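One file, my_file_17.tsv, carrying TSV, C-alpha atoms:
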```tsv
chain	number	residue	atom	x	y	z
A	1	MET	CA	-63.03	-136.71	100.33
A	2	SER	CA	-60.53	-139.33	99.54
A	3	LYS	CA	-63.19	-141.55	98.20
A	4	PHE	CA	-62.00	-141.29	94.60
A	5	LYS	CA	-58.36	-140.98	95.26
A	6	LYS	CA	-56.55	-143.89	93.85
A	7	LYS	CA	-53.12	-144.59	95.10
A	8	LYS	CA	-50.96	-145.17	92.08
A	9	ASP	CA	-48.12	-147.36	92.86
A	10	GLY	CA	-45.11	-147.81	90.76
A	11	GLY	CA	-44.57	-146.01	87.42
A	12	LEU	CA	-42.36	-142.96	87.01
A	13	PRO	CA	-43.54	-139.61	88.26
A	14	PRO	CA	-44.01	-137.15	85.38
A	15	VAL	CA	-41.04	-134.95	84.55
A	16	ASN	CA	-41.47	-131.47	85.86
A	17	THR	CA	-41.75	-129.18	82.83
A	18	ALA	CA	-42.42	-125.99	84.72
A	19	ALA	CA	-39.05	-124.56	83.70
A	20	LEU	CA	-39.52	-125.32	80.01
A	21	PRO	CA	-41.08	-121.96	79.11
A	22	ASP	CA	-38.19	-120.18	80.80
A	23	ILE	CA	-35.66	-122.12	78.81
A	24	VAL	CA	-37.45	-121.48	75.54
A	25	PHE	CA	-37.82	-117.80	76.33
A	26	MET	CA	-34.13	-117.65	77.00
A	27	LEU	CA	-33.41	-119.11	73.58
A	28	LEU	CA	-35.92	-116.75	72.04
A	29	PHE	CA	-34.27	-113.69	73.55
A	30	PHE	CA	-30.88	-114.93	72.45
A	31	PHE	CA	-32.03	-115.15	68.86
A	32	MET	CA	-33.81	-111.83	69.02
A	33	VAL	CA	-30.64	-110.11	70.16
A	34	ALA	CA	-28.07	-111.96	68.07
A	35	THR	CA	-29.81	-111.85	64.72
A	36	VAL	CA	-31.29	-109.28	62.41
A	37	ILE	CA	-34.34	-109.49	60.21
A	38	LYS	CA	-33.37	-110.73	56.77
A	39	GLU	CA	-33.07	-107.85	54.34
A	40	ASP	CA	-33.95	-109.85	51.31
A	41	GLN	CA	-35.23	-113.29	50.57
A	42	LEU	CA	-32.32	-114.93	48.81
A	43	LYS	CA	-33.01	-116.71	45.58
A	44	ILE	CA	-29.38	-117.56	45.00
A	45	GLN	CA	-26.67	-119.50	46.72
A	46	ASN	CA	-24.73	-117.07	48.81
A	47	VAL	CA	-21.79	-118.45	50.68
A	48	ILE	CA	-19.47	-115.52	51.12
A	49	PRO	CA	-15.70	-115.95	51.27
A	50	PHE	CA	-13.36	-115.32	54.19
A	51	ALA	CA	-10.99	-112.43	54.79
A	52	ASP	CA	-9.26	-111.10	57.88
A	53	GLN	CA	-8.39	-107.50	57.01
A	54	ILE	CA	-12.00	-106.51	57.37
A	55	GLU	CA	-13.61	-103.34	58.52
A	56	LYS	CA	-17.03	-103.08	60.01
A	57	LEU	CA	-19.67	-101.71	57.75
A	58	ASP	CA	-20.60	-98.31	59.06
A	59	LYS	CA	-24.24	-98.64	59.99
A	60	LYS	CA	-24.66	-94.92	60.36
A	61	ASN	CA	-24.29	-94.63	56.63
A	62	PRO	CA	-26.79	-96.12	54.23
A	63	VAL	CA	-26.02	-99.51	52.75
A	64	SER	CA	-27.51	-101.19	49.70
A	65	TYR	CA	-26.97	-104.84	48.96
A	66	ILE	CA	-26.24	-106.52	45.67
A	67	TYR	CA	-26.22	-110.31	45.69
A	68	ILE	CA	-24.45	-112.45	43.14
A	69	GLY	CA	-24.49	-116.21	42.92
A	70	LYS	CA	-25.91	-119.24	41.24
A	71	PRO	CA	-29.70	-119.57	41.40
A	72	SER	CA	-30.68	-121.88	44.22
A	73	ASP	CA	-32.21	-125.26	43.45
A	74	ASN	CA	-35.79	-123.99	43.29
A	75	TYR	CA	-34.94	-121.55	40.52
A	76	LYS	CA	-32.48	-123.66	38.55
A	77	ASN	CA	-34.98	-124.73	35.93
A	78	GLN	CA	-36.09	-121.20	35.31
A	79	PHE	CA	-32.86	-119.30	35.51
A	80	GLY	CA	-30.17	-121.83	34.74
A	81	SER	CA	-27.06	-122.56	36.74
A	82	GLU	CA	-24.93	-119.58	35.74
A	83	ALA	CA	-24.27	-116.94	38.40
A	84	ARG	CA	-26.92	-114.23	38.44
A	85	ILE	CA	-27.44	-110.90	40.12
A	86	GLN	CA	-30.18	-110.41	42.66
A	87	LEU	CA	-31.44	-106.94	43.51
A	88	ASN	CA	-33.96	-106.71	46.31
A	89	ASP	CA	-36.14	-109.77	45.77
A	90	GLN	CA	-35.62	-110.27	42.09
A	91	PHE	CA	-33.16	-111.61	39.61
A	92	ALA	CA	-31.75	-108.80	37.56
A	93	ASP	CA	-29.58	-108.10	34.58
A	94	VAL	CA	-26.28	-106.26	34.74
A	95	ASN	CA	-27.78	-103.21	33.05
A	96	GLU	CA	-30.40	-102.87	35.82
A	97	VAL	CA	-27.76	-102.21	38.46
A	98	GLY	CA	-27.53	-98.52	37.60
A	99	ARG	CA	-31.26	-98.02	37.93
A	100	PHE	CA	-31.27	-99.93	41.20
A	101	VAL	CA	-28.63	-97.62	42.66
A	102	ASN	CA	-30.58	-94.57	41.52
A	103	ILE	CA	-33.76	-95.88	43.15
A	104	GLU	CA	-31.88	-96.59	46.37
A	105	ARG	CA	-30.48	-93.07	46.28
A	106	SER	CA	-33.88	-91.52	45.75
A	107	LEU	CA	-35.03	-93.12	49.00
A	108	LEU	CA	-32.30	-91.43	50.99
A	109	ARG	CA	-32.02	-88.03	52.52
A	110	GLU	CA	-30.04	-85.83	50.23
A	111	GLU	CA	-27.08	-85.28	52.52
A	112	LEU	CA	-26.58	-89.02	52.91
A	113	ILE	CA	-26.41	-89.83	49.20
A	114	PRO	CA	-22.63	-89.49	48.85
A	115	TYR	CA	-22.19	-91.90	51.75
A	116	LEU	CA	-24.17	-94.72	50.21
A	117	THR	CA	-22.11	-97.90	50.36
A	118	ILE	CA	-22.81	-100.77	48.04
A	119	ALA	CA	-22.24	-104.07	49.80
A	120	LEU	CA	-21.46	-106.81	47.35
A	121	LYS	CA	-22.49	-110.16	48.73
A	122	VAL	CA	-20.97	-112.48	46.22
A	123	ASP	CA	-20.99	-116.23	46.37
A	124	ARG	CA	-17.48	-117.57	46.65
A	125	GLU	CA	-17.86	-119.78	43.61
A	126	SER	CA	-18.74	-116.90	41.31
A	127	LYS	CA	-16.43	-115.79	38.57
A	128	MET	CA	-14.89	-112.36	38.39
A	129	GLY	CA	-16.53	-111.67	35.02
A	130	ILE	CA	-19.93	-110.87	36.46
A	131	VAL	CA	-18.41	-109.04	39.42
A	132	ASN	CA	-16.38	-106.84	37.09
A	133	ASP	CA	-19.49	-106.08	35.06
A	134	VAL	CA	-21.33	-104.97	38.18
A	135	LYS	CA	-18.39	-102.85	39.28
A	136	GLU	CA	-18.31	-101.20	35.88
A	137	GLU	CA	-22.03	-100.40	36.15
A	138	LEU	CA	-21.48	-98.94	39.61
A	139	ARG	CA	-18.74	-96.73	38.26
A	140	LYS	CA	-21.09	-95.47	35.56
A	141	VAL	CA	-23.58	-94.21	38.15
A	142	ASN	CA	-20.77	-92.93	40.33
A	143	ALA	CA	-21.45	-95.28	43.22
A	144	LEU	CA	-17.83	-95.75	44.15
A	145	LYS	CA	-17.94	-96.89	47.75
A	146	VAL	CA	-18.10	-100.65	47.74
A	147	ASN	CA	-17.70	-103.26	50.39
A	148	TYR	CA	-16.95	-106.86	49.56
A	149	THR	CA	-18.83	-108.53	52.36
A	150	THR	CA	-16.82	-111.35	53.86
A	151	LYS	CA	-16.80	-113.53	56.90
A	152	LYS	CA	-14.01	-113.18	59.37
A	153	GLY	CA	-11.36	-115.81	58.89
A	154	GLU	CA	-8.03	-116.51	57.31
A	155	TYR	CA	-7.97	-116.41	53.54
A	156	THR	CA	-6.68	-119.98	53.52
A	157	LYS	CA	-10.19	-121.10	54.40
A	158	ASN	CA	-11.17	-120.01	50.90
A	159	ASP	CA	-9.25	-122.72	49.12
A	160	ARG	CA	-11.48	-125.67	48.97
B	1	MET	CA	-63.85	-126.89	100.78
B	2	ALA	CA	-63.67	-124.53	97.78
B	3	ARG	CA	-60.68	-122.28	98.03
B	4	ARG	CA	-61.10	-118.53	97.87
B	5	GLY	CA	-59.02	-116.16	95.74
B	6	THR	CA	-58.18	-116.30	92.08
B	7	PRO	CA	-57.34	-119.69	90.72
B	8	GLU	CA	-53.89	-120.13	89.29
B	9	VAL	CA	-53.53	-119.43	85.57
B	10	ASN	CA	-52.76	-122.48	83.59
B	11	ALA	CA	-49.31	-121.94	82.22
B	12	GLY	CA	-49.03	-125.25	80.49
B	13	SER	CA	-49.23	-123.76	76.99
B	14	MET	CA	-46.66	-121.08	77.73
B	15	ALA	CA	-43.91	-123.28	76.38
B	16	ASP	CA	-45.83	-123.82	73.16
B	17	ILE	CA	-46.30	-120.11	72.65
B	18	ALA	CA	-42.65	-119.43	73.32
B	19	PHE	CA	-41.64	-122.16	70.88
B	20	LEU	CA	-43.85	-120.63	68.26
B	21	LEU	CA	-42.19	-117.25	68.69
B	22	LEU	CA	-38.77	-118.84	68.72
B	23	ILE	CA	-39.39	-120.65	65.47
B	24	PHE	CA	-40.75	-117.49	63.91
B	25	PHE	CA	-37.54	-115.65	64.76
B	26	LEU	CA	-35.38	-118.50	63.59
B	27	VAL	CA	-37.02	-118.40	60.20
B	28	THR	CA	-37.22	-114.67	59.59
B	29	THR	CA	-33.84	-113.59	60.86
B	30	ASP	CA	-30.28	-113.98	59.85
B	31	ILE	CA	-27.04	-113.70	61.74
B	32	ALA	CA	-25.71	-110.37	60.59
B	33	THR	CA	-22.61	-110.24	58.43
B	34	ASP	CA	-21.85	-106.57	58.29
B	35	SER	CA	-18.14	-106.55	57.76
B	36	GLY	CA	-15.94	-106.82	54.76
B	37	LEU	CA	-13.23	-105.29	52.66
B	38	ASN	CA	-13.92	-101.64	51.94
B	39	ARG	CA	-12.76	-100.48	48.56
B	40	LYS	CA	-13.20	-97.40	46.48
B	41	LEU	CA	-13.79	-97.78	42.76
B	42	PRO	CA	-12.01	-95.38	40.43
B	43	ARG	CA	-14.11	-92.61	38.96
B	44	ILE	CA	-14.84	-92.69	35.27
B	45	GLU	CA	-13.18	-89.68	33.73
B	46	GLU	CA	-14.89	-88.04	30.79
B	47	GLU	CA	-11.58	-87.02	29.31
B	48	PRO	CA	-8.95	-89.34	30.64
B	49	PRO	CA	-5.86	-87.35	31.51
B	50	THR	CA	-2.71	-88.34	29.73
B	51	PRO	CA	-1.35	-91.20	31.76
B	52	PRO	CA	1.74	-90.20	33.67
B	53	VAL	CA	4.94	-91.97	32.80
B	54	ILE	CA	5.41	-94.72	35.33
B	55	LYS	CA	8.64	-96.56	35.51
B	56	GLU	CA	8.49	-100.30	35.34
B	57	ARG	CA	10.25	-100.62	38.68
B	58	ASN	CA	7.43	-98.75	40.39
B	59	VAL	CA	4.77	-101.19	39.27
B	60	PHE	CA	4.08	-104.44	41.06
B	61	LYS	CA	2.31	-106.48	38.46
B	62	ILE	CA	-0.05	-109.21	39.58
B	63	ILE	CA	-1.93	-111.30	37.05
B	64	VAL	CA	-4.49	-113.88	38.08
B	65	SER	CA	-5.32	-116.44	35.45
B	66	LYS	CA	-8.68	-118.04	34.94
B	67	ASN	CA	-7.31	-121.13	36.65
B	68	ASN	CA	-6.67	-118.98	39.73
B	69	GLU	CA	-2.92	-119.09	39.31
B	70	LEU	CA	-0.95	-116.13	40.41
B	71	LEU	CA	1.70	-114.46	38.30
B	72	VAL	CA	3.64	-111.83	40.20
B	73	GLU	CA	6.24	-109.80	38.30
B	74	ASP	CA	6.20	-112.55	35.67
B	75	ASP	CA	6.91	-115.31	38.17
B	76	ARG	CA	4.49	-117.80	39.59
B	77	MET	CA	3.75	-117.30	43.24
B	78	ASP	CA	1.57	-118.74	45.98
B	79	ILE	CA	-0.91	-116.47	47.67
B	80	ALA	CA	0.86	-117.30	50.90
B	81	ASP	CA	3.97	-115.41	49.73
B	82	LEU	CA	2.09	-112.47	48.27
B	83	ARG	CA	1.83	-110.43	51.44
B	84	GLN	CA	5.57	-110.40	52.12
B	85	ALA	CA	6.36	-109.70	48.46
B	86	ALA	CA	4.00	-106.73	48.48
B	87	ILE	CA	5.46	-105.42	51.72
B	88	ASP	CA	8.99	-105.66	50.31
B	89	PHE	CA	7.90	-103.85	47.18
B	90	ILE	CA	6.02	-100.99	48.86
B	91	ASP	CA	8.53	-100.43	51.61
B	92	ASN	CA	11.60	-100.58	49.37
B	93	GLY	CA	12.16	-96.82	49.25
B	94	ALA	CA	15.23	-96.68	47.06
B	95	GLY	CA	14.73	-93.16	45.77
B	96	ILE	CA	12.77	-89.96	46.14
B	97	GLY	CA	9.00	-89.68	46.17
B	98	ASN	CA	6.50	-87.19	44.78
B	99	THR	CA	7.49	-84.63	47.38
B	100	GLY	CA	11.14	-84.82	46.34
B	101	GLN	CA	12.08	-86.36	49.66
B	102	PRO	CA	13.66	-89.77	50.11
B	103	CYS	CA	11.63	-92.23	52.16
B	104	ASN	CA	13.22	-91.85	55.56
B	105	TYR	CA	10.69	-94.11	57.27
B	106	CYS	CA	11.04	-97.03	54.89
B	107	LYS	CA	12.65	-100.13	56.31
B	108	GLY	CA	13.04	-101.95	53.01
B	109	LYS	CA	16.13	-103.21	51.27
B	110	LYS	CA	16.54	-100.14	49.02
B	111	ASP	CA	16.84	-102.44	46.03
B	112	GLU	CA	17.62	-100.51	42.86
B	113	ALA	CA	15.29	-102.69	40.81
B	114	SER	CA	12.27	-102.17	43.04
B	115	SER	CA	10.06	-99.19	43.89
B	116	VAL	CA	11.49	-95.78	44.76
B	117	HIS	CA	8.97	-94.56	47.31
B	118	PRO	CA	5.68	-95.79	48.85
B	119	ASP	CA	3.79	-92.90	47.28
B	120	LYS	CA	4.97	-94.01	43.84
B	121	ALA	CA	4.68	-97.75	44.31
B	122	ILE	CA	1.68	-98.91	42.35
B	123	ILE	CA	0.21	-102.36	42.59
B	124	SER	CA	-1.47	-103.44	39.41
B	125	LEU	CA	-3.95	-106.28	39.70
B	126	GLU	CA	-5.20	-107.92	36.57
B	127	ASN	CA	-7.81	-110.62	36.59
B	128	GLU	CA	-9.56	-112.60	33.91
B	129	ARG	CA	-13.28	-113.15	33.61
B	130	GLY	CA	-12.84	-116.74	34.68
B	131	THR	CA	-10.96	-115.96	37.89
B	132	SER	CA	-12.93	-117.13	40.88
B	133	TYR	CA	-14.23	-114.57	43.31
B	134	GLU	CA	-12.71	-116.23	46.34
B	135	THR	CA	-9.24	-116.06	44.83
B	136	TYR	CA	-9.81	-112.40	44.10
B	137	ILE	CA	-10.90	-111.76	47.67
B	138	SER	CA	-7.90	-113.68	49.01
B	139	ILE	CA	-5.56	-111.51	46.96
B	140	GLN	CA	-7.31	-108.29	47.91
B	141	ASN	CA	-7.11	-109.40	51.51
B	142	GLU	CA	-3.39	-110.06	51.32
B	143	LEU	CA	-2.70	-106.73	49.61
B	144	ILE	CA	-4.70	-104.82	52.19
B	145	ALA	CA	-2.85	-106.82	54.83
B	146	ALA	CA	0.46	-105.64	53.37
B	147	TYR	CA	-0.60	-102.00	53.58
B	148	ASN	CA	-2.03	-102.47	57.06
B	149	HIS	CA	1.19	-104.13	58.20
B	150	LEU	CA	3.31	-101.17	57.07
B	151	ARG	CA	0.85	-98.62	58.40
B	152	ASN	CA	0.71	-100.41	61.73
B	153	ILE	CA	4.48	-100.31	62.10
B	154	ARG	CA	4.63	-96.64	61.16
B	155	SER	CA	1.80	-95.78	63.50
B	156	GLN	CA	3.37	-97.79	66.30
B	157	ASP	CA	6.63	-95.86	65.86
B	158	LEU	CA	4.98	-92.46	65.75
B	159	TYR	CA	2.07	-92.73	68.13
B	160	GLY	CA	2.54	-95.99	69.99
B	161	VAL	CA	-0.72	-97.46	68.75
B	162	SER	CA	-1.40	-99.61	65.73
B	163	PHE	CA	-3.10	-98.08	62.72
B	164	VAL	CA	-5.92	-100.60	62.52
B	165	GLU	CA	-6.73	-100.11	66.18
B	166	MET	CA	-6.72	-96.36	65.79
B	167	GLN	CA	-9.01	-96.54	62.80
B	168	GLU	CA	-11.39	-98.83	64.63
B	169	LYS	CA	-11.54	-96.42	67.56
B	170	TYR	CA	-12.01	-93.46	65.29
B	171	LYS	CA	-14.96	-95.07	63.57
B	172	ASP	CA	-16.63	-96.10	66.80
B	173	ALA	CA	-15.71	-93.02	68.81
B	174	GLY	CA	-18.94	-93.02	70.78
B	175	ARG	CA	-18.43	-96.46	72.19
B	176	TYR	CA	-14.84	-95.83	73.27
B	177	GLY	CA	-15.77	-92.53	74.91
B	178	ILE	CA	-13.56	-90.40	72.69
B	179	THR	CA	-14.16	-86.68	72.73
B	180	ASP	CA	-14.50	-84.65	69.55
B	181	GLU	CA	-11.19	-83.01	70.17
B	182	GLU	CA	-9.37	-86.32	70.44
B	183	LYS	CA	-11.23	-87.54	67.40
B	184	GLU	CA	-10.00	-84.61	65.38
B	185	LYS	CA	-6.43	-85.38	66.42
B	186	MET	CA	-6.93	-89.02	65.54
B	187	LYS	CA	-8.18	-88.09	62.12
B	188	GLU	CA	-5.03	-86.08	61.52
B	189	LYS	CA	-2.85	-89.00	62.55
B	190	ILE	CA	-4.76	-91.43	60.36
B	191	GLU	CA	-4.57	-89.10	57.39
B	192	SER	CA	-0.84	-88.54	57.82
B	193	ILE	CA	-0.16	-92.28	57.87
B	194	LYS	CA	-2.42	-92.85	54.90
B	195	LYS	CA	-0.38	-90.24	53.11
B	196	GLU	CA	2.88	-91.97	53.91
B	197	TYR	CA	1.59	-95.32	52.74
B	198	PRO	CA	-1.16	-94.59	50.24
B	199	GLN	CA	-3.05	-97.53	48.79
B	200	LEU	CA	-2.21	-97.34	45.13
B	201	LEU	CA	-4.07	-100.26	43.67
B	202	SER	CA	-4.94	-100.25	40.04
B	203	GLU	CA	-7.24	-102.92	38.71
B	204	ILE	CA	-7.16	-104.01	35.13
B	205	VAL	CA	-10.22	-105.79	33.85
B	206	ASP	CA	-9.81	-108.31	31.13
B	207	LYS	CA	-12.49	-107.67	28.54
```
Hey, can you dump this file as C-alpha cells for me?
Amino acid sequence: MSKFKKKKDGGLPPVNTAALPDIVFMLLFFFMVATVIKEDQLKIQNVIPFADQIEKLDKKNPVSYIYIGKPSDNYKNQFGSEARIQLNDQFADVNEVGRFVNIERSLLREELIPYLTIALKVDRESKMGIVNDVKEELRKVNALKVNYTTKKGEYTKNDR
Amino acid sequence: MARRGTPEVNAGSMADIAFLLLIFFLVTTDIATDSGLNRKLPRIEEEPPTPPVIKERNVFKIIVSKNNELLVEDDRMDIADLRQAAIDFIDNGAGIGNTGQPCNYCKGKKDEASSVHPDKAIISLENERGTSYETYISIQNELIAAYNHLRNIRSQDLYGVSFVEMQEKYKDAGRYGITDEEKEKMKEKIESIKKEYPQLLSEIVDK
C-alpha cells in the first residue's frame, strides 16, 4: 500500500484553514446584524454633520427620507456641482418635494399619516438656501415633523 | 481497504461561499443612522393672526451670516458661548409669565434687560441662504442643549430624574419594562416640564 507514498522532507506543512469558514461566517453575521439594507442608492455626497442633543428616530412611525448634497463624481458632468435634492433614486427639483410627500403618504395606512416624519439627510457642506426651500415646501403640504439626521458627536467636530 | 459509511463532505469551498455572502452584505447594506434633531415646522396659516406685541427684551436674536459668523443680540459670539447665553436668557425670569405668575423655578439673574419668563422668552434664529448647513445644525444643537439643560435641572428637582432620560424611557417603554400606568404618569411629568420651559424657537428665512 505504501508503494506510492513519497516521504516529503523539508518544506512547510500547509496552514490549516479549517477554521476559515467559521471566521468568515462570524464576520458575515456581524454585518447582517449591525447594518441595514440601504434605503436608496445615493447619487449625491452625503456626509451628515454631528450633533449631541439627538433623539432616536421612532421606528414605529413611518419615516421618509430626503437627501440633499452635491452630485457625486459620476453625476457631476450631468448635474453640475451645486447641491441637489434626491428623492428615492432620482434627482429632483424643489417643487417635486410636495408631490413626493403626498406619494409617501398614499402608501401609508390612514391612521399613520399624521405621524409621518421627514428625515432630512443633508450633506454638511450644503447651504441653508436649498434646505430652507425644502422646508418651505414641506410646510406647504403640511408635513411638519422633520428630523435633521445627524451623527452622534460634539458639534465642534463640524468645524473643519 | 475501502471504508464503509458516507464519505466526508468536502468543505473546502465553504469559505468561498461565506466570503461571497459577506461581500454581498457589505455592498448592499449601510450602518444605520437613525437619530437626529427632531424639530417641528410651523404651520402655514391661511390668515396670519395679528402678531402679538413682543417686547424686545423677550427676544433673543441670533443672526447667522453667510460666512457662518454668529451675531447674538447684535454682538459677535462664538458658538461655544451660545449655549450658556441662551440658558441665561431663557432662565432669567425677571417678571411674570403668560399665567400671571412670576417664575418661581427660574435660577437666573433676574436681569431687568433680559426675558421676563421662560414661557415668553423667544429665540429668533435668522439665517442667510449662504449659511452652511453644519453651522446651522451646530446652532440648533446648542439651542436644544440649552433647553435640555434647563429641563434636566427642573426635572431633577421635581422628580429626581433627568428630563432627557425620562423622555428616552418614555419613548422606549417596552424595552425598559414600563407599565402603561407608569407611562401615563411619565407623560404627565414630561408635559408639565415642557410647559415650564417651552421651546419657543422662531426661524426667519432670508429670501
(request) Name all residues at most 10 Å from Asn158 of chain A (count all atoms listed in the file; drop same-chain ones fewer than 3 positions away) and give them as a PyMOL selection string. (result) (chain A and resi 48-51+124-125+153-155) or (chain B and resi 133-135+137-138)
Using only C-alpha atoms, select each residue of chain A with any atom at most 7 Å away from an atom of chain B, and give the selection as a PDB file with C-alpha atoms, in the coordinates of the input.
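Contents of iface_3.pdb, freshly written:
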```pdb
ATOM      1  CA  LEU A  20     -39.520-125.320  80.010  1.00  0.00           C
ATOM      2  CA  PRO A  21     -41.080-121.960  79.110  1.00  0.00           C
ATOM      3  CA  VAL A  24     -37.450-121.480  75.540  1.00  0.00           C
ATOM      4  CA  PHE A  25     -37.820-117.800  76.330  1.00  0.00           C
ATOM      5  CA  LEU A  28     -35.920-116.750  72.040  1.00  0.00           C
ATOM      6  CA  PHE A  31     -32.030-115.150  68.860  1.00  0.00           C
ATOM      7  CA  MET A  32     -33.810-111.830  69.020  1.00  0.00           C
ATOM      8  CA  ALA A  34     -28.070-111.960  68.070  1.00  0.00           C
ATOM      9  CA  THR A  35     -29.810-111.850  64.720  1.00  0.00           C
ATOM     10  CA  VAL A  36     -31.290-109.280  62.410  1.00  0.00           C
ATOM     11  CA  ILE A  37     -34.340-109.490  60.210  1.00  0.00           C
ATOM     12  CA  LYS A  38     -33.370-110.730  56.770  1.00  0.00           C
ATOM     13  CA  PRO A  49     -15.700-115.950  51.270  1.00  0.00           C
ATOM     14  CA  ALA A  51     -10.990-112.430  54.790  1.00  0.00           C
ATOM     15  CA  ASP A  52      -9.260-111.100  57.880  1.00  0.00           C
ATOM     16  CA  GLN A  53      -8.390-107.500  57.010  1.00  0.00           C
ATOM     17  CA  ILE A  54     -12.000-106.510  57.370  1.00  0.00           C
ATOM     18  CA  GLU A  55     -13.610-103.340  58.520  1.00  0.00           C
ATOM     19  CA  LYS A  56     -17.030-103.080  60.010  1.00  0.00           C
ATOM     20  CA  LEU A  57     -19.670-101.710  57.750  1.00  0.00           C
ATOM     21  CA  ARG A 124     -17.480-117.570  46.650  1.00  0.00           C
ATOM     22  CA  GLU A 125     -17.860-119.780  43.610  1.00  0.00           C
ATOM     23  CA  SER A 126     -18.740-116.900  41.310  1.00  0.00           C
ATOM     24  CA  LYS A 127     -16.430-115.790  38.570  1.00  0.00           C
ATOM     25  CA  MET A 128     -14.890-112.360  38.390  1.00  0.00           C
ATOM     26  CA  GLY A 129     -16.530-111.670  35.020  1.00  0.00           C
ATOM     27  CA  ARG A 139     -18.740 -96.730  38.260  1.00  0.00           C
ATOM     28  CA  LYS A 140     -21.090 -95.470  35.560  1.00  0.00           C
ATOM     29  CA  ASN A 142     -20.770 -92.930  40.330  1.00  0.00           C
ATOM     30  CA  LEU A 144     -17.830 -95.750  44.150  1.00  0.00           C
ATOM     31  CA  LYS A 145     -17.940 -96.890  47.750  1.00  0.00           C
ATOM     32  CA  VAL A 146     -18.100-100.650  47.740  1.00  0.00           C
ATOM     33  CA  ASN A 147     -17.700-103.260  50.390  1.00  0.00           C
ATOM     34  CA  TYR A 148     -16.950-106.860  49.560  1.00  0.00           C
ATOM     35  CA  THR A 149     -18.830-108.530  52.360  1.00  0.00           C
ATOM     36  CA  THR A 150     -16.820-111.350  53.860  1.00  0.00           C
ATOM     37  CA  LYS A 151     -16.800-113.530  56.900  1.00  0.00           C
ATOM     38  CA  TYR A 155      -7.970-116.410  53.540  1.00  0.00           C
ATOM     39  CA  ASN A 158     -11.170-120.010  50.900  1.00  0.00           C
TER      40      ASN A 158
END
```
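Atom CA of Pro13 of chain A is positioned 26.4 Å from atom CA of Met26 of chain A.
Each of B:Lys189, B:Lys195, B:Lys55, B:Lys183 was compared to Ser162 of chain B using only C-alpha atoms, and B:Lys189 turns out to be the nearest.
A cut-off of 9 Å from the point (-23.1, -116.5, 35.0), with all atoms listed in the file, picks out the residues Gly69, Lys70, Gly80, Ser81, Glu82, Ala83, Arg84, Ile85, Ser126, Lys127, Gly129 and Ile130 of chain A.
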I need the chosen residues saved as a tab-separated table (two decimals), in the frame of the given file, with C-alpha atoms.
```tsv
chain	number	residue	atom	x	y	z
A	69	GLY	CA	-24.49	-116.21	42.92
A	70	LYS	CA	-25.91	-119.24	41.24
A	80	GLY	CA	-30.17	-121.83	34.74
A	81	SER	CA	-27.06	-122.56	36.74
A	82	GLU	CA	-24.93	-119.58	35.74
A	83	ALA	CA	-24.27	-116.94	38.40
A	84	ARG	CA	-26.92	-114.23	38.44
A	85	ILE	CA	-27.44	-110.90	40.12
A	126	SER	CA	-18.74	-116.90	41.31
A	127	LYS	CA	-16.43	-115.79	38.57
A	129	GLY	CA	-16.53	-111.67	35.02
A	130	ILE	CA	-19.93	-110.87	36.46
```
(message) Using all atoms listed in the file, can you tell me which of B:Val59, B:Ala94, B:Val64, B:Leu150 comes closest to Arg76 of chain B?
(response) B:Val64
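Closest to Arg109 of chain A among A:Asn132, A:Pro62, A:Asn46, A:Asp123 is A:Pro62, based on all atoms listed in the file.
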Given 4 Å on each side, where is the centre and what are the edge lengths in Å to one decimal of the axis-aligned box enclosing the listed atoms of segment 129-137 of chain B, as lines of an AutoDock Vina configuration file?
```
center_x = -11.7
center_y = -114.4
center_z = 40.6
size_x = 13.0
size_y = 13.4
size_z = 22.1
```
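Distance-wise, atom CA of Met166 of chain B and atom CA of Gln199 of chain B end up 17.4 Å apart.
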(request) Tell me, in Å to one decimal, how far atom CA of Glu191 of chain B is from atom CA of Phe60 of chain B. (result) 24.0 Å
With 12 Å as the cut-off and all atoms listed in the file counted, what is the closest atom pair between each nearby residue of segment 8-58 of chain A and segment 90-96 of chain A? Distances in Å to one decimal, ordered by chain and number, as a tab-separated table.
```
residue	atom	partner	partner_atom	distance
A:Asp40	CA	A:Gln90	CA	9.4
A:Gln41	CA	A:Gln90	CA	9.0
A:Leu42	CA	A:Gln90	CA	8.8
A:Lys43	CA	A:Gln90	CA	7.8
A:Ile44	CA	A:Phe91	CA	8.9
```
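Considering the residues B:Ile62, B:Ile96, B:Met186, B:Leu125 and counting all atoms listed in the file, Ser202 of chain B has its shortest atom-to-atom contact with B:Leu125.
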Complete segment 120-127 of chain A at the level of N, CA and C atoms, written as a compact mmCIF listing (two decimals), keeping the file's coordinate frame.
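Output file part-v4.txt follows:
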```
# COMPACT_ATOMS: atom_id res chain seq x y z
N LEU A 120 -21.36 -105.73 48.33
CA LEU A 120 -21.46 -106.81 47.35
C LEU A 120 -21.38 -108.13 48.10
N LYS A 121 -22.49 -108.83 48.11
CA LYS A 121 -22.49 -110.16 48.73
C LYS A 121 -22.41 -111.17 47.60
N VAL A 122 -21.21 -111.63 47.39
CA VAL A 122 -20.97 -112.48 46.22
C VAL A 122 -20.62 -113.88 46.69
N ASP A 123 -21.26 -114.84 46.06
CA ASP A 123 -20.99 -116.23 46.37
C ASP A 123 -19.54 -116.54 46.02
N ARG A 124 -18.91 -117.37 46.85
CA ARG A 124 -17.48 -117.57 46.65
C ARG A 124 -17.15 -118.34 45.38
N GLU A 125 -18.14 -119.02 44.83
CA GLU A 125 -17.86 -119.78 43.61
C GLU A 125 -18.06 -118.96 42.34
N SER A 126 -18.50 -117.72 42.50
CA SER A 126 -18.74 -116.90 41.31
C SER A 126 -17.44 -116.59 40.60
N LYS A 127 -17.60 -116.20 39.35
CA LYS A 127 -16.43 -115.79 38.57
C LYS A 127 -16.32 -114.28 38.59
```
